[in-house]
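The file model-v1.cif contains mmCIF, C-alpha atoms and all ligand atoms:
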```
data_my_file
loop_
_atom_site.label_atom_id
_atom_site.label_comp_id
_atom_site.auth_asym_id
_atom_site.auth_seq_id
_atom_site.Cartn_x
_atom_site.Cartn_y
_atom_site.Cartn_z
CA MET P 762 0.00 0.00 0.00
CA ARG P 763 2.79 2.40 1.02
CA ALA P 764 4.74 1.63 -2.18
CA ARG P 765 1.59 2.27 -4.23
CA ARG P 766 0.96 5.58 -2.51
CA ALA P 767 4.58 6.59 -2.99
CA ALA P 768 4.39 5.73 -6.69
CA LEU P 769 1.15 7.69 -7.08
CA PHE P 770 2.66 10.64 -5.25
CA ALA P 771 5.78 10.57 -7.42
CA PHE P 772 3.65 10.44 -10.57
CA ALA P 773 1.51 13.37 -9.38
CA ALA P 774 4.62 15.42 -8.62
CA PHE P 775 6.11 14.50 -12.01
CA ALA P 776 2.87 15.40 -13.77
CA ALA P 777 2.78 18.73 -11.95
CA ALA P 778 6.36 19.44 -12.93
CA CYS P 779 5.49 18.72 -16.55
CA ALA P 780 2.37 20.88 -16.52
CA PRO P 781 2.21 22.84 -19.76
CA VAL P 782 3.82 26.26 -19.36
CA GLU P 783 0.52 27.92 -20.15
CA ARG P 784 -0.83 26.47 -16.88
CA ALA P 785 2.30 26.98 -14.78
CA PRO P 786 1.23 28.71 -11.53
CA GLU P 787 4.53 30.61 -11.54
CA ARG P 788 3.53 32.68 -14.57
CA HIS P 789 1.32 34.86 -12.32
CA PRO P 790 2.52 37.15 -9.51
CA SER P 791 2.76 35.49 -6.12
CA LEU P 792 0.56 36.92 -3.35
CA ALA P 793 3.15 35.89 -0.76
CA LYS P 794 5.97 37.66 -2.60
CA ALA P 795 3.82 40.72 -3.30
CA PHE P 796 3.07 41.22 0.40
CA GLN P 797 6.52 40.23 1.68
CA GLY P 798 7.42 42.46 4.60
CA GLN P 799 3.77 43.45 5.21
CA PHE P 800 1.98 40.24 6.21
CA ALA P 801 2.07 36.52 5.44
CA VAL P 802 -0.57 35.27 3.00
CA GLY P 803 -1.99 31.90 3.97
CA VAL P 804 -4.59 29.44 2.77
CA ALA P 805 -6.80 26.79 4.36
CA VAL P 806 -6.20 23.33 2.90
CA GLU P 807 -6.93 19.65 3.20
CA PRO P 808 -3.93 17.34 2.76
CA GLY P 809 -5.25 16.32 -0.68
CA HIS P 810 -4.90 19.92 -1.92
CA LEU P 811 -1.10 19.73 -1.65
CA GLU P 812 -0.32 17.37 -4.51
CA GLY P 813 0.17 17.84 -8.24
CA LEU P 814 -0.55 21.20 -9.81
CA GLU P 815 -2.53 22.40 -6.77
CA GLY P 816 0.45 21.74 -4.52
CA ARG P 817 2.69 23.69 -6.88
CA PHE P 818 0.12 26.52 -6.95
CA VAL P 819 -0.13 26.62 -3.13
CA ALA P 820 3.66 26.68 -2.73
CA TRP P 821 3.95 29.55 -5.25
CA GLN P 822 1.06 31.77 -4.14
CA PHE P 823 1.15 31.40 -0.34
CA ASN P 824 3.64 31.38 2.54
CA GLY P 825 1.20 30.16 5.18
CA LEU P 826 -1.06 27.15 5.67
CA VAL P 827 -3.89 26.26 8.02
CA ALA P 828 -5.70 22.93 8.20
CA GLU P 829 -9.31 23.50 7.14
CA ASN P 830 -10.37 20.43 9.15
CA ALA P 831 -7.42 18.14 9.89
CA MET P 832 -6.46 19.79 13.19
CA LYS P 833 -9.89 20.02 14.76
CA PRO P 834 -10.26 18.06 18.03
CA PRO P 835 -12.43 15.19 16.67
CA ALA P 836 -9.95 14.72 13.80
CA LEU P 837 -6.91 14.63 16.07
CA GLN P 838 -8.36 12.72 19.05
CA PRO P 839 -11.40 10.77 17.83
CA GLN P 840 -11.39 8.64 20.97
CA GLU P 841 -9.99 9.66 24.35
CA GLY P 842 -6.29 8.85 24.36
CA ARG P 843 -6.17 7.79 20.69
CA PHE P 844 -4.53 10.50 18.58
CA ASP P 845 -4.45 10.50 14.77
CA PHE P 846 -1.98 13.06 13.43
CA ALA P 847 -1.51 11.59 9.93
CA ARG P 848 -3.53 14.18 7.99
CA ALA P 849 -2.29 17.13 10.04
CA ASP P 850 1.31 15.91 9.68
CA ARG P 851 1.02 16.01 5.86
CA ILE P 852 0.08 19.68 6.00
CA VAL P 853 2.80 20.59 8.52
CA GLU P 854 5.42 18.64 6.52
CA PHE P 855 4.44 20.38 3.26
CA ALA P 856 4.75 23.75 5.03
CA ALA P 857 8.19 22.79 6.36
CA ARG P 858 9.35 21.73 2.86
CA HIS P 859 8.28 25.11 1.47
CA ALA P 860 9.28 27.30 4.44
CA MET P 861 5.67 28.26 5.10
CA MET P 862 4.12 29.46 8.37
CA VAL P 863 1.41 27.28 9.91
CA ARG P 864 -1.69 28.37 11.84
CA GLY P 865 -3.13 25.69 14.13
CA HIS P 866 -6.92 25.57 13.87
CA THR P 867 -8.34 24.90 16.45
CA LEU P 868 -7.83 23.61 19.98
CA LEU P 869 -11.35 24.29 21.22
CA TRP P 870 -14.60 24.92 19.34
CA HIS P 871 -18.10 24.12 20.52
CA GLU P 872 -19.00 22.88 17.02
CA GLU P 873 -16.10 20.41 16.91
CA THR P 874 -15.82 18.88 20.38
CA PRO P 875 -15.83 15.06 20.45
CA ALA P 876 -18.74 13.57 22.40
CA TRP P 877 -16.40 11.60 24.68
CA MET P 878 -15.21 14.89 26.21
CA TRP P 879 -18.45 15.17 28.19
CA GLN P 880 -18.93 11.61 29.40
CA GLU P 881 -17.40 9.20 31.93
CA SER P 882 -16.82 5.63 30.76
CA ASP P 883 -20.03 4.56 32.59
CA GLY P 884 -22.04 7.14 30.66
CA ARG P 885 -22.39 9.59 33.56
CA ALA P 886 -21.72 13.24 32.79
CA ALA P 887 -18.04 14.12 33.23
CA SER P 888 -17.21 16.57 36.02
CA LYS P 889 -15.73 20.02 35.49
CA GLU P 890 -12.35 18.77 36.77
CA ARG P 891 -12.38 15.80 34.36
CA VAL P 892 -13.30 17.97 31.38
CA LEU P 893 -10.60 20.53 32.17
CA GLU P 894 -8.03 17.75 32.61
CA ARG P 895 -9.01 16.32 29.22
CA LEU P 896 -8.72 19.78 27.70
CA ARG P 897 -5.24 20.24 29.19
CA ARG P 898 -4.15 16.84 27.87
CA HIS P 899 -5.49 17.52 24.35
CA VAL P 900 -3.77 20.89 24.18
CA HIS P 901 -0.47 19.63 25.63
CA GLU P 902 -0.38 16.64 23.22
CA VAL P 903 -1.29 18.63 20.11
CA VAL P 904 0.66 21.86 20.69
CA GLY P 905 3.60 19.87 22.05
CA ARG P 906 3.75 17.70 18.92
CA TYR P 907 3.96 20.73 16.65
CA ARG P 908 6.17 22.80 18.94
CA GLY P 909 8.31 25.08 16.76
CA ARG P 910 6.44 24.00 13.58
CA VAL P 911 3.06 25.71 14.17
CA GLN P 912 3.69 29.40 14.78
CA SER P 913 0.18 30.47 15.87
CA TRP P 914 -2.85 28.70 17.30
CA ASP P 915 -6.55 29.44 17.34
CA VAL P 916 -6.71 28.34 20.96
CA VAL P 917 -10.44 29.00 21.19
CA ASN P 918 -12.80 29.53 18.26
CA GLU P 919 -16.18 31.34 18.23
CA VAL P 920 -16.73 31.63 21.99
CA ILE P 921 -18.22 35.14 21.95
CA ASP P 922 -21.97 35.79 22.09
CA ALA P 923 -22.69 39.51 22.31
CA SER P 924 -26.35 38.89 23.14
CA ARG P 925 -25.45 37.37 26.50
CA GLU P 926 -24.38 38.95 29.77
CA GLY P 927 -20.76 37.96 30.22
CA CYS P 928 -20.33 37.86 26.43
CA LEU P 929 -19.68 34.11 26.24
CA ARG P 930 -21.61 31.58 24.17
CA ALA P 931 -23.94 29.33 26.20
CA ASP P 932 -22.28 26.09 25.08
CA LYS P 933 -21.23 22.88 26.89
CA TRP P 934 -17.86 24.38 27.70
CA LEU P 935 -19.46 27.23 29.67
CA GLU P 936 -22.13 24.96 31.13
CA VAL P 937 -19.71 22.32 32.44
CA ALA P 938 -16.48 24.24 33.06
CA GLY P 939 -17.60 27.83 33.57
CA THR P 940 -15.25 30.51 32.21
CA ASP P 941 -12.19 28.57 33.46
CA TYR P 942 -11.98 26.67 30.14
CA LEU P 943 -10.60 29.81 28.46
CA ASP P 944 -7.78 30.25 30.98
CA VAL P 945 -6.95 26.53 30.98
CA ALA P 946 -6.79 26.30 27.19
CA PHE P 947 -4.48 29.29 26.78
CA ARG P 948 -2.24 28.39 29.72
CA ALA P 949 -1.87 24.77 28.53
CA ALA P 950 -0.98 25.94 25.01
CA HIS P 951 1.64 28.33 26.37
CA GLU P 952 3.12 25.59 28.56
CA ALA P 953 3.37 23.26 25.55
CA ASP P 954 5.00 25.83 23.25
CA PRO P 955 6.02 29.13 24.90
CA ALA P 956 7.02 30.56 21.51
CA ALA P 957 3.67 29.95 19.82
CA ARG P 958 1.40 32.95 19.28
CA LEU P 959 -1.98 32.27 20.90
CA PHE P 960 -5.16 33.66 19.34
CA ILE P 961 -8.83 33.96 20.16
CA ASN P 962 -10.61 33.56 16.80
CA ASP P 963 -14.13 34.61 15.84
CA PHE P 964 -16.42 35.74 13.04
CA HIS P 965 -18.20 39.13 12.71
CA THR P 966 -15.52 40.64 14.95
CA THR P 967 -16.09 44.06 13.36
CA GLN P 968 -19.71 44.30 14.51
CA PRO P 969 -19.81 46.95 17.29
CA ALA P 970 -21.50 44.84 20.00
CA LYS P 971 -19.43 41.74 19.25
CA ARG P 972 -16.13 43.61 19.11
CA ARG P 973 -16.91 45.27 22.47
CA CYS P 974 -17.59 41.84 23.96
CA LEU P 975 -14.46 40.32 22.44
CA ILE P 976 -12.33 43.17 23.76
CA ALA P 977 -13.88 42.82 27.23
CA VAL P 978 -13.26 39.06 27.35
CA VAL P 979 -9.66 39.51 26.19
CA ARG P 980 -9.04 42.29 28.71
CA GLY P 981 -10.34 39.92 31.41
CA LEU P 982 -7.95 37.17 30.30
CA LEU P 983 -4.99 39.56 30.16
CA SER P 984 -5.86 40.93 33.62
CA ARG P 985 -5.56 37.36 34.98
CA GLY P 986 -2.16 36.95 33.33
CA VAL P 987 -3.52 34.53 30.72
CA PRO P 988 -1.16 34.43 27.69
CA VAL P 989 -3.29 35.78 24.82
CA HIS P 990 -1.22 37.21 21.96
CA GLY P 991 -3.67 37.99 19.21
CA ILE P 992 -7.15 38.41 17.80
CA GLY P 993 -8.19 36.24 14.87
CA HIS P 994 -10.70 37.98 12.56
CA GLN P 995 -12.29 35.30 10.39
CA MET P 996 -13.62 37.82 7.83
CA HIS P 997 -16.17 35.61 6.11
CA VAL P 998 -17.68 38.62 4.37
CA ASP P 999 -20.12 39.21 1.50
CA LEU P 1000 -20.47 41.87 -1.16
CA VAL P 1001 -22.20 44.25 1.27
CA GLU P 1002 -21.21 43.59 4.89
CA PRO P 1003 -19.17 44.60 6.79
CA LYS P 1004 -18.75 48.14 5.48
CA VAL P 1005 -15.12 49.14 5.02
CA ALA P 1006 -15.56 52.00 7.54
CA GLU P 1007 -16.72 49.47 10.14
CA VAL P 1008 -13.64 47.31 9.49
CA GLU P 1009 -11.34 50.34 9.84
CA GLU P 1010 -13.09 51.42 13.05
CA ALA P 1011 -13.00 47.92 14.53
CA PHE P 1012 -9.32 47.27 13.74
CA ALA P 1013 -8.41 50.61 15.30
CA GLU P 1014 -10.39 49.68 18.44
CA PHE P 1015 -8.73 46.23 18.69
CA ALA P 1016 -5.33 47.88 18.29
CA THR P 1017 -5.86 49.51 21.73
CA LEU P 1018 -5.29 46.04 23.20
CA GLY P 1019 -1.70 46.15 21.94
CA LEU P 1020 -2.03 42.63 20.52
CA GLU P 1021 -1.31 41.06 17.13
CA GLY P 1022 -4.14 40.79 14.62
CA GLN P 1023 -4.61 38.15 11.92
CA VAL P 1024 -7.24 37.80 9.24
CA THR P 1025 -7.81 34.08 9.56
CA GLU P 1026 -10.56 32.86 7.18
CA MET P 1027 -10.92 35.42 4.38
CA ASP P 1028 -13.54 34.85 1.71
CA MET P 1029 -16.20 37.03 0.10
CA SER P 1030 -19.52 35.37 -0.66
CA LEU P 1031 -21.65 36.42 -3.64
CA VAL P 1032 -24.65 35.18 -1.67
CA VAL P 1033 -26.59 37.17 0.94
CA GLY P 1034 -28.82 35.00 3.09
CA VAL P 1035 -29.47 32.15 0.72
CA VAL P 1036 -29.78 34.09 -2.52
CA ARG P 1037 -26.93 35.01 -4.86
CA HIS P 1038 -26.70 38.70 -5.70
CA PRO P 1039 -28.38 39.53 -9.00
CA GLY P 1040 -25.92 40.01 -11.84
CA SER P 1041 -23.76 38.06 -14.23
CA ASP P 1042 -20.59 36.31 -13.11
CA ALA P 1043 -18.57 39.09 -14.74
CA GLN P 1044 -20.56 41.86 -13.04
CA LEU P 1045 -20.28 40.25 -9.59
CA ALA P 1046 -16.58 39.53 -10.14
CA THR P 1047 -16.03 43.24 -10.75
CA VAL P 1048 -17.92 44.27 -7.59
CA GLN P 1049 -16.02 41.61 -5.64
CA ALA P 1050 -12.70 42.88 -7.01
CA GLU P 1051 -13.33 46.43 -5.85
CA ARG P 1052 -14.42 45.27 -2.41
CA TYR P 1053 -11.38 43.00 -1.99
CA ALA P 1054 -9.17 45.94 -3.01
CA GLU P 1055 -10.79 48.15 -0.34
CA LEU P 1056 -10.40 45.53 2.39
CA PHE P 1057 -6.76 44.88 1.47
CA ARG P 1058 -6.08 48.61 1.64
CA VAL P 1059 -7.27 48.46 5.26
CA PHE P 1060 -5.21 45.35 6.05
CA ARG P 1061 -2.09 46.97 4.57
CA SER P 1062 -2.69 50.09 6.67
CA ARG P 1063 -2.64 48.14 9.97
CA ARG P 1064 0.83 47.37 11.39
CA GLU P 1065 -0.59 44.82 13.83
CA ILE P 1066 -1.97 42.60 11.04
CA SER P 1067 0.65 39.86 10.65
CA SER P 1068 -1.16 37.52 8.27
CA VAL P 1069 -4.13 37.24 5.95
CA THR P 1070 -5.35 33.68 5.38
CA PHE P 1071 -7.87 32.72 2.70
CA TRP P 1072 -10.42 30.05 3.57
CA GLY P 1073 -9.81 27.89 0.53
CA LEU P 1074 -7.35 27.97 -2.37
CA SER P 1075 -9.85 28.47 -5.17
CA ASP P 1076 -13.57 28.70 -5.97
CA GLY P 1077 -13.31 25.00 -6.69
CA ARG P 1078 -12.31 24.29 -3.08
CA THR P 1079 -14.60 26.59 -1.08
CA TRP P 1080 -16.74 25.47 1.82
CA LEU P 1081 -19.38 27.83 0.42
CA ASP P 1082 -20.08 25.40 -2.42
CA ARG P 1083 -20.55 22.28 -0.28
CA GLY P 1084 -23.47 20.61 1.51
CA ALA P 1085 -26.53 22.87 1.89
CA ARG P 1086 -24.61 25.72 0.22
CA ALA P 1087 -23.76 23.75 -2.92
CA GLY P 1088 -24.97 24.87 -6.32
CA ARG P 1089 -25.65 28.52 -5.49
CA GLY P 1090 -22.89 29.71 -7.78
CA ASP P 1091 -20.87 31.18 -4.92
CA ARG P 1092 -17.35 32.19 -5.94
CA PRO P 1093 -15.75 33.78 -2.84
CA LEU P 1094 -12.00 33.62 -3.52
CA LEU P 1095 -9.27 35.19 -5.70
CA PHE P 1096 -8.77 32.20 -7.99
CA ASP P 1097 -11.30 30.31 -10.10
CA ALA P 1098 -11.71 26.53 -10.08
CA ASP P 1099 -8.90 26.27 -12.68
CA LEU P 1100 -6.54 28.15 -10.33
CA GLU P 1101 -6.65 31.15 -12.67
CA PRO P 1102 -6.60 34.65 -11.14
CA LYS P 1103 -9.96 36.47 -11.08
CA PRO P 1104 -10.36 40.26 -11.33
CA ALA P 1105 -10.12 40.42 -7.50
CA PHE P 1106 -6.60 38.97 -7.61
CA TRP P 1107 -5.43 41.74 -9.97
CA ARG P 1108 -7.05 44.40 -7.77
CA VAL P 1109 -5.44 43.00 -4.61
CA ILE P 1110 -1.92 42.52 -5.97
CA PRO P 1111 0.11 45.72 -5.45
CA PRO P 1112 0.75 47.38 -8.87
CA ALA P 1113 4.54 46.86 -8.73
CA ALA P 1114 4.11 43.07 -8.41
CA GLY P 1115 1.67 43.04 -11.31
CA ARG P 1116 4.03 45.02 -13.55
CA ALA P 1117 7.00 42.81 -12.57
CA ALA P 1118 5.00 39.72 -13.49
CA LEU P 1119 4.02 41.21 -16.83
CA ARG P 1120 7.68 41.92 -17.61
CA ALA P 1121 8.67 38.39 -16.58
CA GLU P 1122 5.96 36.96 -18.85
CA VAL P 1123 7.18 39.04 -21.81
CA VAL P 1124 10.77 37.94 -21.16
CA SER P 1125 9.79 34.29 -20.75
CA LYS P 1126 7.76 34.38 -23.98
CA SER P 1127 10.78 35.74 -25.87
CA ALA P 1128 13.20 33.32 -24.15
CA PRO P 1129 14.27 30.37 -26.40
CA SER P 1130 13.24 27.69 -23.87
CA ALA P 1131 10.57 27.48 -21.21
CA PRO P 1132 11.82 28.60 -17.78
CA ALA P 1133 12.92 25.82 -15.40
CA LEU P 1134 9.96 25.61 -13.01
CA GLY P 1135 10.17 24.34 -9.46
CA THR P 1136 8.03 21.40 -8.34
CA PRO P 1137 6.41 20.87 -4.98
O1 LIG F 1 -14.78 14.31 4.99
C1 LIG F 1 -16.18 13.98 5.13
C2 LIG F 1 -16.63 13.11 3.98
O2 LIG F 1 -15.95 11.86 4.03
C3 LIG F 1 -18.16 12.89 4.08
O3 LIG F 1 -18.61 12.17 2.94
C4 LIG F 1 -18.83 14.28 4.10
C5 LIG F 1 -20.34 14.18 4.16
O4 LIG F 1 -20.72 13.86 5.47
O5 LIG F 1 -18.38 15.01 5.26
C6 LIG F 1 -16.97 15.27 5.15
O6 LIG F 1 -16.55 15.99 6.29
C7 LIG F 1 -17.02 17.33 6.29
C8 LIG F 1 -15.80 18.26 6.27
O7 LIG F 1 -16.22 19.63 6.39
C9 LIG F 1 -15.00 18.13 4.98
O8 LIG F 1 -15.77 18.60 3.90
C10 LIG F 1 -17.80 17.54 7.58
O9 LIG F 1 -18.98 16.76 7.52
C11 LIG F 1 -18.18 19.01 7.70
O10 LIG F 1 -18.77 19.25 8.96
C12 LIG F 1 -16.90 19.85 7.62
O11 LIG F 1 -17.31 21.22 7.64
C13 LIG F 1 -16.24 22.12 7.96
C14 LIG F 1 -16.80 23.08 9.03
O12 LIG F 1 -15.83 24.09 9.33
C15 LIG F 1 -17.12 22.34 10.32
O13 LIG F 1 -15.93 21.82 10.87
C16 LIG F 1 -15.85 22.91 6.70
O14 LIG F 1 -15.19 22.06 5.77
C17 LIG F 1 -14.91 24.05 7.08
O15 LIG F 1 -14.66 24.88 5.95
C18 LIG F 1 -15.56 24.90 8.17
O16 LIG F 1 -14.65 25.90 8.55
C19 LIG F 1 -15.09 26.74 9.63
C20 LIG F 1 -13.89 27.01 10.51
O17 LIG F 1 -13.34 25.81 10.98
C21 LIG F 1 -14.29 27.94 11.65
N1 LIG F 1 -14.89 29.18 11.13
C22 LIG F 1 -16.03 28.96 10.23
C23 LIG F 1 -15.61 28.08 9.07
C24 LIG F 1 -16.75 27.88 8.09
O18 LIG F 1 -17.81 27.20 8.72
#
```
Output the file's structure as structure tokens, nothing else.
Amino acid sequence: MRARRAALFAFAAFAAACAPVERAPERHPSLAKAFQGQFAVGVAVEPGHLEGLEGRFVAWQFNGLVAENAMKPPALQPQEGRFDFARADRIVEFAARHAMMVRGHTLLWHEETPAWMWQESDGRAASKERVLERLRRHVHEVVGRYRGRVQSWDVVNEVIDASREGCLRADKWLEVAGTDYLDVAFRAAHEADPAARLFINDFHTTQPAKRRCLIAVVRGLLSRGVPVHGIGHQMHVDLVEPKVAEVEEAFAEFATLGLEGQVTEMDMSLVVGVVRHPGSDAQLATVQAERYAELFRVFRSRREISSVTFWGLSDGRTWLDRGARAGRGDRPLLFDADLEPKPAFWRVIPPAAGRAALRAEVVSKSAPSAPALGTP
């Protein structure tokens, strides 16, 4: 089986290396190179997205990776005490081969907590002490394994609920462990890798009520000496919300915390509610391009923003075209399903990088032989 997989992998790599020049990912400007010195540009992947032409594309366009699903608690510890790191390892090893940063997503999320966390072996409900001990063990095992190879962690994901007093979501974590689960998760992660940057990650962080809650919860953690280093702004946006002014206002408010900021799950849906905006693909692509350009102007203006990560490598790999969301014609990213840049890519890339790429293309077209292209 191993030999077969190795042979398949070698063939895929060979095929990618032989991809016709007209499809070579390297003929377009690289986002990572264009934003060098400003922020890292990452992408959410599954291990299967790192082979063949896609792998070559990822290595060229990005200098950061995050596991879309492979590092979630049920994936890593499906049964208590049984860890399965195989899929996560493939992503971390690819990143190491290509000198890419890695975001760890995520150590604790109410939507992805394995059922065993809450039960004793006899079926009784687990106590607060038991649950917190299990949380410590999960965090120590996972962060310890990737010590020095995962530079930042979404320690907790989507814990804020601005409609509630105390600002925390009424989930099993709060019900069973009270607010202690936050402190325990961050402290355990810091113990396991003191150099890792520890983030609290959430969506709609620019909304006034939610950002006030998030800031209050973080100030509480910091006041207790809990090691929180950054705010993760998922930025799953659409063509209308959030307004650019709201984003600017929110990022300025978060900056008063003196922490790092990362855009962690960037995509821009063409759908509002369940209906795609009216307009042709070309019309919506133009609106999307302008809006991406505006948002990137804000990101580039904020010194505390250390990375911008896209939630999917192309419109062919977006979560917004799966399950109940499938078939709505949503195209939220900078590259189409053929890994070709969309108008939004050309509006996001700084002009100098675009011009440099154009020159390189002219040179390569006039060169007698095709340029030697790297392979993943
Ligand atoms: O891999 C299985 C496949 O074998 C099976 O046939 C299929 C149908 O049941 O399910 C597949 O697993 C799905 C997995 O995505 C891979 O597609 C899971 O059911 C599904 O729950 C999972 O959804 C993920 C979701 O988080 C929940 O974990 C999405 O891919 C992922 O994009 C999404 O990402 C979240 C972030 O982690 C947190 N922020 C919001 C963001 C979007 O919801």
Please check which protein, DNA or RNA residues sit within 8 Å of ligand LIG 1 (chain F), counting only C-alpha atoms and all ligand atoms, and write them as a list in words. Glu829, Asn830, Lys833, His866, Thr867, Glu872, Glu873, Asn918, Glu919, Asp963, Phe964, Gln995, His997, Glu1026, Trp1072, Gly1073, Thr1079, Trp1080, Leu1081, Arg1083 and Gly1084 of chain P
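Take CA of Gly803 in chain P and CA of Phe823 in chain P: the distance between them is 5.4 Å.
Restricting the calculation to only C-alpha atoms, the smallest distance between Glu815 in chain P and any of P:Arg784, P:Arg908, P:Arg843, P:Arg864 is found for P:Arg784.
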Quick one: residues within 9 Å of Lys1103 in chain P, all atoms listed in the file, excluding same-chain residues fewer than 3 positions away - as a PDB file with C-alpha atoms, in the coordinates of the input?
```
ATOM      1  CA  ALA P1046     -16.580  39.530 -10.140  1.00  0.00           C
ATOM      2  CA  ALA P1050     -12.700  42.880  -7.010  1.00  0.00           C
ATOM      3  CA  LEU P1094     -12.000  33.620  -3.520  1.00  0.00           C
ATOM      4  CA  LEU P1095      -9.270  35.190  -5.700  1.00  0.00           C
ATOM      5  CA  PHE P1096      -8.770  32.200  -7.990  1.00  0.00           C
ATOM      6  CA  ASP P1097     -11.300  30.310 -10.100  1.00  0.00           C
ATOM      7  CA  PHE P1106      -6.600  38.970  -7.610  1.00  0.00           C
ATOM      8  CA  TRP P1107      -5.430  41.740  -9.970  1.00  0.00           C
TER       9      TRP P1107
END
```
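Across P:Val1001, P:Ala764, P:Ile992, P:Ile852, the tightest approach to Asp915 in chain P is made by P:Ile992 when counting all atoms listed in the file.
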Between CA of Arg788 in chain P and CA of Ser1075 in chain P, what is the distance, to one decimal in Å?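 According to the coordinates, CA of Arg788 in chain P and CA of Ser1075 in chain P are separated by 16.9 Å.
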Need to verify the contact set: Arg906 in chain P, 10 Å, all atoms listed in the file, exclusion of same-chain residues closer than 6 positions in sequence. Can you return it as an NGL selection string? :P and (846 or 850 or 900 or 953-954)
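Here CA of Leu869 in chain P is placed at a distance of 11.7 Å from CA of Asp932 in chain P.
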Of the residues P:Arg910, P:Lys1004, P:Arg1086, P:His789, which is the one nearest to Trp821 in chain P, using only C-alpha atoms?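 Smallest separation from Trp821 in chain P among the options: P:His789.
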Within 12 Å of (-16.0, 9.5, 17.2) in the file's own coordinates, which protein, DNA or RNA residues have an atom, counting all atoms listed in the file? List them as a PyMOL selection string. chain P and resi 834-841+843-845+873-878
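For the residues P:Ala785, P:Ala793, P:Val1069, P:Glu1010, ranking by smallest atom-to-atom distance to Asp1099 in chain P using only C-alpha atoms places P:Ala785 first.
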Kindly output range 839-843 of chain P as a short mmCIF file (atom, residue, chain, number, x, y, z; two decimals), keeping the file's coordinate frame, after building all heavy atoms.
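Listing of result_19.cif after writing:
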```cif
data_model
loop_
_atom_site.label_atom_id
_atom_site.label_comp_id
_atom_site.auth_asym_id
_atom_site.auth_seq_id
_atom_site.Cartn_x
_atom_site.Cartn_y
_atom_site.Cartn_z
N PRO P 839 -10.04 11.29 18.04
CA PRO P 839 -11.40 10.77 17.83
C PRO P 839 -11.93 9.98 19.03
O PRO P 839 -13.12 10.00 19.30
CB PRO P 839 -11.28 9.89 16.60
CG PRO P 839 -9.83 9.64 16.40
CD PRO P 839 -9.09 10.77 17.01
N GLN P 840 -11.03 9.29 19.70
CA GLN P 840 -11.39 8.64 20.97
C GLN P 840 -10.42 9.15 22.04
O GLN P 840 -9.27 9.48 21.73
CB GLN P 840 -11.25 7.10 20.91
CG GLN P 840 -12.41 6.39 20.22
CD GLN P 840 -12.16 6.23 18.74
OE1 GLN P 840 -11.05 5.90 18.34
NE2 GLN P 840 -13.18 6.49 17.94
N GLU P 841 -10.87 9.16 23.28
CA GLU P 841 -9.99 9.66 24.35
C GLU P 841 -8.71 8.83 24.39
O GLU P 841 -8.75 7.60 24.44
CB GLU P 841 -10.69 9.61 25.71
CG GLU P 841 -9.82 10.19 26.81
CD GLU P 841 -10.53 10.34 28.14
OE1 GLU P 841 -11.64 9.79 28.30
OE2 GLU P 841 -9.96 11.03 29.02
N GLY P 842 -7.59 9.53 24.28
CA GLY P 842 -6.29 8.85 24.36
C GLY P 842 -5.79 8.29 23.06
O GLY P 842 -4.64 7.86 22.96
N ARG P 843 -6.63 8.28 21.99
CA ARG P 843 -6.17 7.79 20.69
C ARG P 843 -6.03 8.98 19.76
O ARG P 843 -7.00 9.62 19.40
CB ARG P 843 -7.14 6.77 20.07
CG ARG P 843 -6.59 6.19 18.75
CD ARG P 843 -7.46 5.06 18.21
NE ARG P 843 -8.68 5.55 17.57
CZ ARG P 843 -8.71 6.07 16.33
NH1 ARG P 843 -7.59 6.26 15.66
NH2 ARG P 843 -9.86 6.47 15.79
#
```
